[in-house]
$ cat upload_28.cif   # mmCIF, C-alpha atoms (C1' of nucleotides)
data_work
#
loop_
_atom_site.label_atom_id
_atom_site.label_comp_id
_atom_site.auth_asym_id
_atom_site.auth_seq_id
_atom_site.Cartn_x
_atom_site.Cartn_y
_atom_site.Cartn_z
CA MET A 1 80.02 94.13 115.59
CA SER A 2 77.07 95.82 113.99
CA GLU A 3 76.36 93.70 110.94
CA PHE A 4 78.44 90.90 112.41
CA LYS A 5 76.66 89.95 115.59
CA PRO A 6 78.78 88.23 118.22
CA LEU A 7 78.92 84.47 117.83
CA ASP A 8 78.11 82.65 121.06
CA PRO A 9 81.57 81.47 122.11
CA LEU A 10 80.08 78.38 123.66
CA LEU A 11 78.86 77.25 120.28
CA HIS A 12 81.66 78.67 118.18
CA SER A 13 83.86 75.70 118.92
CA GLN A 14 84.27 72.78 116.60
CA LEU A 15 83.62 69.99 119.05
CA ARG A 16 80.81 71.65 120.98
CA LEU A 17 79.10 72.62 117.75
CA ALA A 18 79.36 69.05 116.47
CA VAL A 19 77.88 67.76 119.71
CA MET A 20 74.98 70.18 119.52
CA SER A 21 74.43 69.29 115.89
CA LEU A 22 74.21 65.61 116.80
CA LEU A 23 71.94 66.23 119.76
CA ILE A 24 69.53 68.18 117.61
CA ALA A 25 69.24 65.22 115.28
CA VAL A 26 68.86 62.44 117.82
CA GLU A 27 67.51 64.26 120.85
CA GLU A 28 69.30 61.87 123.22
CA ALA A 29 72.76 60.43 122.91
CA GLU A 30 75.27 58.45 124.91
CA PHE A 31 78.75 59.65 125.66
CA THR A 32 80.31 56.91 123.58
CA PHE A 33 78.07 57.68 120.63
CA LEU A 34 79.09 61.32 120.71
CA LYS A 35 82.71 60.30 121.07
CA GLU A 36 82.58 58.08 118.01
CA LYS A 37 80.64 60.48 115.84
CA THR A 38 82.85 63.42 116.64
CA GLU A 39 86.06 61.38 116.71
CA SER A 40 87.12 63.23 119.79
CA THR A 41 89.07 61.99 122.76
CA ALA A 42 87.06 61.16 125.87
CA GLY A 43 88.86 63.83 127.86
CA ASN A 44 88.13 66.58 125.44
CA LEU A 45 84.53 65.47 125.07
CA SER A 46 84.04 65.30 128.81
CA VAL A 47 85.28 68.85 129.24
CA GLN A 48 83.14 70.22 126.43
CA LEU A 49 80.00 68.44 127.64
CA ASP A 50 80.56 70.01 131.04
CA LYS A 51 80.67 73.44 129.49
CA LEU A 52 77.51 72.86 127.53
CA GLU A 53 75.78 71.58 130.62
CA LYS A 54 76.92 74.50 132.75
CA ALA A 55 75.55 76.84 130.09
CA GLY A 56 72.23 75.01 130.32
CA TYR A 57 72.46 73.99 126.67
CA ILE A 58 72.33 70.27 127.40
CA SER A 59 71.32 68.07 130.29
CA ILE A 60 73.48 65.17 131.34
CA GLU A 61 72.16 62.13 133.11
CA LYS A 62 74.41 59.62 134.74
CA SER A 63 73.15 56.10 135.28
CA PHE A 64 74.26 52.52 134.76
CA ARG A 65 73.75 50.12 131.94
CA GLY A 66 74.20 46.78 133.56
CA LYS A 67 77.18 47.39 135.78
CA ARG A 68 78.76 50.05 133.62
CA PRO A 69 78.45 53.79 133.99
CA LEU A 70 76.36 55.44 131.32
CA THR A 71 76.30 59.12 130.46
CA THR A 72 73.36 60.33 128.44
CA CYS A 73 72.97 63.80 126.95
CA LYS A 74 69.99 65.74 125.73
CA ILE A 75 69.69 69.17 124.27
CA THR A 76 67.58 71.63 126.26
CA SER A 77 65.17 74.19 124.84
CA LYS A 78 67.66 76.86 125.83
CA GLY A 79 70.33 74.99 123.92
CA LEU A 80 68.13 74.66 120.88
CA GLN A 81 67.37 78.36 120.93
CA ALA A 82 71.04 79.22 121.33
CA PHE A 83 71.92 76.99 118.41
CA GLU A 84 69.31 78.59 116.20
CA ASP A 85 70.47 82.06 117.14
CA TYR A 86 74.06 81.08 116.51
CA VAL A 87 73.23 79.77 113.04
CA GLU A 88 71.24 82.89 112.27
CA ASN A 89 74.15 85.12 113.24
CA LEU A 90 76.70 82.97 111.52
CA LYS A 91 74.88 83.21 108.23
CA LYS A 92 75.74 86.89 108.01
CA TYR A 93 79.42 85.99 108.10
CA ILE A 94 79.17 83.43 105.35
CA GLN A 95 76.58 85.18 103.13
CA MET B 1 85.70 63.87 112.41
CA SER B 2 84.16 61.81 109.67
CA GLU B 3 80.93 63.58 108.92
CA PHE B 4 82.21 66.66 110.67
CA LYS B 5 85.24 67.71 108.72
CA PRO B 6 87.77 69.84 110.55
CA LEU B 7 87.07 73.56 110.39
CA ASP B 8 90.09 75.58 109.29
CA PRO B 9 91.16 77.16 112.58
CA LEU B 10 92.37 80.23 110.76
CA LEU B 11 88.86 80.94 109.60
CA HIS B 12 86.98 79.61 112.59
CA SER B 13 87.55 82.80 114.49
CA GLN B 14 84.97 85.52 114.74
CA LEU B 15 87.13 88.45 113.77
CA ARG B 16 89.11 86.74 111.02
CA LEU B 17 85.92 85.34 109.55
CA ALA B 18 84.32 88.78 109.55
CA VAL B 19 87.37 90.22 107.82
CA MET B 20 87.30 87.54 105.14
CA SER B 21 83.60 88.06 104.68
CA LEU B 22 84.16 91.76 104.12
CA LEU B 23 87.08 91.20 101.77
CA ILE B 24 85.03 88.87 99.62
CA ALA B 25 82.42 91.58 99.20
CA VAL B 26 84.68 94.52 98.47
CA GLU B 27 87.83 92.84 97.16
CA GLU B 28 90.04 95.58 98.60
CA ALA B 29 89.71 97.30 101.95
CA GLU B 30 91.59 99.66 104.18
CA PHE B 31 92.58 98.85 107.73
CA THR B 32 90.30 101.53 109.14
CA PHE B 33 87.37 100.31 107.09
CA LEU B 34 87.82 96.78 108.45
CA LYS B 35 88.22 98.17 111.93
CA GLU B 36 84.97 100.09 111.73
CA LYS B 37 82.95 97.34 110.10
CA THR B 38 84.10 94.70 112.53
CA GLU B 39 84.07 97.01 115.54
CA SER B 40 87.36 95.56 116.64
CA THR B 41 90.28 97.23 118.34
CA ALA B 42 93.21 98.16 116.14
CA GLY B 43 95.51 95.85 118.08
CA ASN B 44 93.34 92.82 117.68
CA LEU B 45 92.73 93.57 114.02
CA SER B 46 96.43 94.04 113.35
CA VAL B 47 97.24 90.65 114.86
CA GLN B 48 94.49 88.85 112.98
CA LEU B 49 95.41 90.44 109.66
CA ASP B 50 98.97 89.25 110.18
CA LYS B 51 97.75 85.71 110.67
CA LEU B 52 95.63 85.82 107.55
CA GLU B 53 98.53 87.21 105.57
CA LYS B 54 100.97 84.60 106.89
CA ALA B 55 98.48 81.92 105.84
CA GLY B 56 98.41 83.45 102.37
CA TYR B 57 94.70 84.17 102.66
CA ILE B 58 95.07 87.91 102.17
CA SER B 59 97.70 90.26 100.86
CA ILE B 60 98.56 93.42 102.71
CA GLU B 61 99.98 96.46 101.04
CA LYS B 62 101.46 99.31 102.99
CA SER B 63 101.61 102.71 101.42
CA PHE B 64 100.83 106.32 102.23
CA ARG B 65 97.78 108.42 101.64
CA GLY B 66 99.14 111.92 101.70
CA LYS B 67 101.50 111.76 104.63
CA ARG B 68 99.60 109.12 106.54
CA PRO B 69 100.30 105.39 106.54
CA LEU B 70 97.72 103.33 104.74
CA THR B 71 97.24 99.59 105.03
CA THR B 72 95.22 97.94 102.30
CA CYS B 73 94.05 94.33 102.29
CA LYS B 74 92.91 92.04 99.54
CA ILE B 75 91.75 88.49 99.60
CA THR B 76 93.91 86.03 97.61
CA SER B 77 92.64 83.15 95.50
CA LYS B 78 93.95 80.81 98.17
CA GLY B 79 91.97 82.75 100.75
CA LEU B 80 88.84 82.59 98.66
CA GLN B 81 89.22 78.85 98.23
CA ALA B 82 89.81 78.37 101.94
CA PHE B 83 86.74 80.41 102.74
CA GLU B 84 84.59 78.39 100.38
CA ASP B 85 85.87 75.13 101.80
CA TYR B 86 85.26 76.38 105.31
CA VAL B 87 81.68 77.30 104.51
CA GLU B 88 81.12 73.95 102.83
CA ASN B 89 82.40 72.09 105.88
CA LEU B 90 80.57 74.31 108.31
CA LYS B 91 77.25 73.61 106.66
CA LYS B 92 77.39 70.03 107.85
CA TYR B 93 77.52 71.28 111.41
CA ILE B 94 74.53 73.55 111.06
CA GLN B 95 72.41 71.36 108.71
"C1'" DA C 1 92.89 33.13 141.28
"C1'" DT C 2 95.32 36.68 139.30
"C1'" DA C 3 97.01 39.55 135.72
"C1'" DA C 4 96.05 42.10 131.87
"C1'" DA C 5 92.97 44.44 128.99
"C1'" DT C 6 88.74 47.06 128.28
"C1'" DA C 7 85.01 50.35 129.44
"C1'" DG C 8 83.67 54.66 130.63
"C1'" DG C 9 84.77 58.24 131.96
"C1'" DT C 10 87.35 62.71 134.93
"C1'" DT C 11 91.22 65.61 136.18
"C1'" DT C 12 95.09 68.19 135.17
"C1'" DA C 13 98.82 70.16 132.72
"C1'" DC C 14 100.16 72.45 128.77
"C1'" DA C 15 99.89 74.68 124.32
"C1'" DA C 16 97.46 77.69 121.46
"C1'" DT C 17 94.40 81.66 120.87
"C1'" DA C 18 92.15 85.90 121.44
"C1'" DT C 19 92.14 90.28 123.16
"C1'" DA C 20 93.06 94.75 125.04
"C1'" DA C 21 96.42 97.70 127.01
"C1'" DA C 22 100.42 99.98 126.24
"C1'" DC C 23 103.17 101.79 123.09
"C1'" DC C 24 105.26 104.24 118.85
"C1'" DA C 25 105.90 107.61 114.99
"C1'" DT C 26 103.97 111.06 112.68
"C1'" DT C 27 100.61 114.65 111.68
"C1'" DT C 28 97.11 117.87 112.63
"C1'" DT C 29 94.72 121.13 115.57
"C1'" DA C 30 94.23 124.44 119.42
"C1'" DT D 1 104.31 124.52 120.92
"C1'" DA D 2 101.51 121.53 123.51
"C1'" DA D 3 97.87 118.47 123.04
"C1'" DA D 4 95.13 115.53 120.51
"C1'" DA D 5 94.36 112.58 116.68
"C1'" DT D 6 95.81 109.11 113.07
"C1'" DG D 7 97.27 104.74 111.92
"C1'" DG D 8 98.84 101.45 113.28
"C1'" DT D 9 102.36 97.47 116.11
"C1'" DT D 10 104.05 94.99 120.14
"C1'" DT D 11 103.46 92.72 124.30
"C1'" DA D 12 101.24 90.98 128.31
"C1'" DT D 13 97.41 88.55 130.07
"C1'" DA D 14 93.35 85.95 130.27
"C1'" DT D 15 90.74 82.40 128.10
"C1'" DT D 16 90.31 78.27 125.58
"C1'" DG D 17 91.13 73.87 123.61
"C1'" DT D 18 93.25 69.58 123.87
"C1'" DA D 19 95.50 65.35 125.02
"C1'" DA D 20 97.93 62.86 128.45
"C1'" DA D 21 97.57 60.94 132.67
"C1'" DC D 22 94.73 59.11 135.74
"C1'" DC D 23 90.79 56.62 138.17
"C1'" DT D 24 87.28 52.96 139.27
"C1'" DA D 25 85.17 49.11 137.98
"C1'" DT D 26 84.44 45.14 134.86
"C1'" DT D 27 85.56 41.61 131.74
"C1'" DT D 28 88.74 38.37 129.61
"C1'" DA D 29 92.80 35.49 129.36
"C1'" DT D 30 96.14 32.34 131.67
#
$ encode --input "upload_28.cif" --output "structure tokens"
Amino acid sequence: MSEFKPLDPLLHSQLRLAVMSLLIAVEEAEFTFLKEKTESTAGNLSVQLDKLEKAGYISIEKSFRGKRPLTTCKITSKGLQAFEDYVENLKKYIQ
Amino acid sequence: MSEFKPLDPLLHSQLRLAVMSLLIAVEEAEFTFLKEKTESTAGNLSVQLDKLEKAGYISIEKSFRGKRPLTTCKITSKGLQAFEDYVENLKKYIQ
DNA sequence: ATAAATAGGTTTACAATATAAACCATTTTA
DNA sequence: TAAAATGGTTTATATTGTAAACCTATTTAT
């Protein structure tokens, strides 16, 4: 697409885009925080976080808070760049 | 999604969004024009135009130019409204 | 002490979507 | 008149998105 540049399919997804949007704002977020803010199911969120991590767009750290598992996510510089590029491209679709 | 409102799945698709974007600009476009501008295959475009028409977002008129079939598309007021809503919602994802 | 509920997820099965390949009818060109 | 081009549609396949089912451990209720 000449004037319509391809939209990164990893970001052109409602839930993944919402996650990235949140991570840009807070720079570090727990799984449960993302789940609440996006109103997604845990299963769906888990899958989408995996994809973002595999793309190198976020990093995921697994630890414990007290005795409970804790999953923490951060956006990477690659992820930030991808997001910015995505937004730039998207703008040409929506004026 | 509370702060992230659902994105109309009919519009949250690269090719359909590009088509709508074009139709907003020109207000009437031929199949081949859309095909060239979006750099899509005819098959894919045909399918996506059908979906937009079934949603009532565009109207499709079939006629002949000389002896050749001619498919012409227009955006409807419903389509325009849906596009505007989509953009409004999308903005909250991308700041 | 034990059962039930909650927390914090992951895995998996299925439905929906996107896409290109194959196809079709007609027309034009060689 | 055979081959190529036009203007698409249909269909098969691959990819994706999503929720249901599941899992392990912890906390609460009885």
$ closest_residue --input "upload_28.cif" --among "D:DA19, D:DT1, D:DG7, D:DA25" --to "Phe33 of chain B" --atoms "only C-alpha atoms (C1' of nucleotides)"
D:DG7
$ closest_atom_pairs --input "upload_28.cif" --of "chain A" --to "chain C" --cutoff "8 Å" --atoms "all atoms listed in the file" --output "Markdown table"
| residue | atom | partner | partner_atom | distance |
| --- | --- | --- | --- | --- |
| A:Ala42 | CA | C:DG9 | C1' | 7.1 |
| A:Gly43 | CA | C:DT10 | C1' | 7.3 |
| A:Ser46 | CA | C:DT10 | C1' | 7.4 |
| A:Arg68 | CA | C:DG8 | C1' | 7.4 |
| A:Pro69 | CA | C:DG8 | C1' | 6.3 |
| A:Leu70 | CA | C:DG8 | C1' | 7.4 |
$ residues_around --input "upload_28.cif" --residues "Arg16 of chain A" --least-positions-apart "3" --cutoff "10 Å" --atoms "all atoms listed in the file" --output "list in words"
Pro9, Leu10, Leu11, His12, Ser13, Val19, Met20, Ser21, Leu22, Thr38, Asn44, Leu45, Val47, Gln48, Leu49, Lys51 and Leu52 of chain A
$ atom_distance --input "upload_28.cif" --atom1 "atom C1' of DA20 of chain D" --atom2 "atom CA of Leu15 of chain A"
18.5 Å
$ atom_distance --input "upload_28.cif" --atom1 "atom CA of Ile24 of chain B" --atom2 "atom CA of Phe83 of chain A"
25.8 Å
$ resolve_selection --input "upload_28.cif" --expression "the PyMOL selection byres ((chain D) within 12 of (chain A))" --output "PyMOL selection string"
chain D and resi 15-22+24-27
$ resolve_selection --input "upload_28.cif" --expression "the PyMOL selection byres ((chain B) within 8 of (chain A))" --output "PyMOL selection string"
chain B and resi 1-4+6-7+12+14+17-18+21+37-40+87+93-95
$ atom_distance --input "upload_28.cif" --atom1 "atom CA of Ser77 of chain B" --atom2 "atom C1' of DT10 of chain D"
29.6 Å
$ resolve_selection --input "upload_28.cif" --expression "the PyMOL selection byres ((chain A and resi 62) around 10)" --output "list in words"
Glu30, Ile60, Glu61, Ser63, Phe64, Arg65, Pro69, Leu70, Thr71, Thr72 and Cys73 of chain A
$ write_last_selection --input "upload_28.cif" --atoms "C-alpha atoms" --output "PDB file, in the coordinates of the input"
ATOM      1  CA  GLU A  30      75.270  58.450 124.910  1.00  0.00           C
ATOM      2  CA  ILE A  60      73.480  65.170 131.340  1.00  0.00           C
ATOM      3  CA  GLU A  61      72.160  62.130 133.110  1.00  0.00           C
ATOM      4  CA  SER A  63      73.150  56.100 135.280  1.00  0.00           C
ATOM      5  CA  PHE A  64      74.260  52.520 134.760  1.00  0.00           C
ATOM      6  CA  ARG A  65      73.750  50.120 131.940  1.00  0.00           C
ATOM      7  CA  PRO A  69      78.450  53.790 133.990  1.00  0.00           C
ATOM      8  CA  LEU A  70      76.360  55.440 131.320  1.00  0.00           C
ATOM      9  CA  THR A  71      76.300  59.120 130.460  1.00  0.00           C
ATOM     10  CA  THR A  72      73.360  60.330 128.440  1.00  0.00           C
ATOM     11  CA  CYS A  73      72.970  63.800 126.950  1.00  0.00           C
TER      12      CYS A  73
END
$ closest_residue --input "upload_28.cif" --among "A:Asp50, A:Gly66, A:Tyr57, A:Phe31" --to "Ala82 of chain A" --atoms "only C-alpha atoms"
A:Tyr57
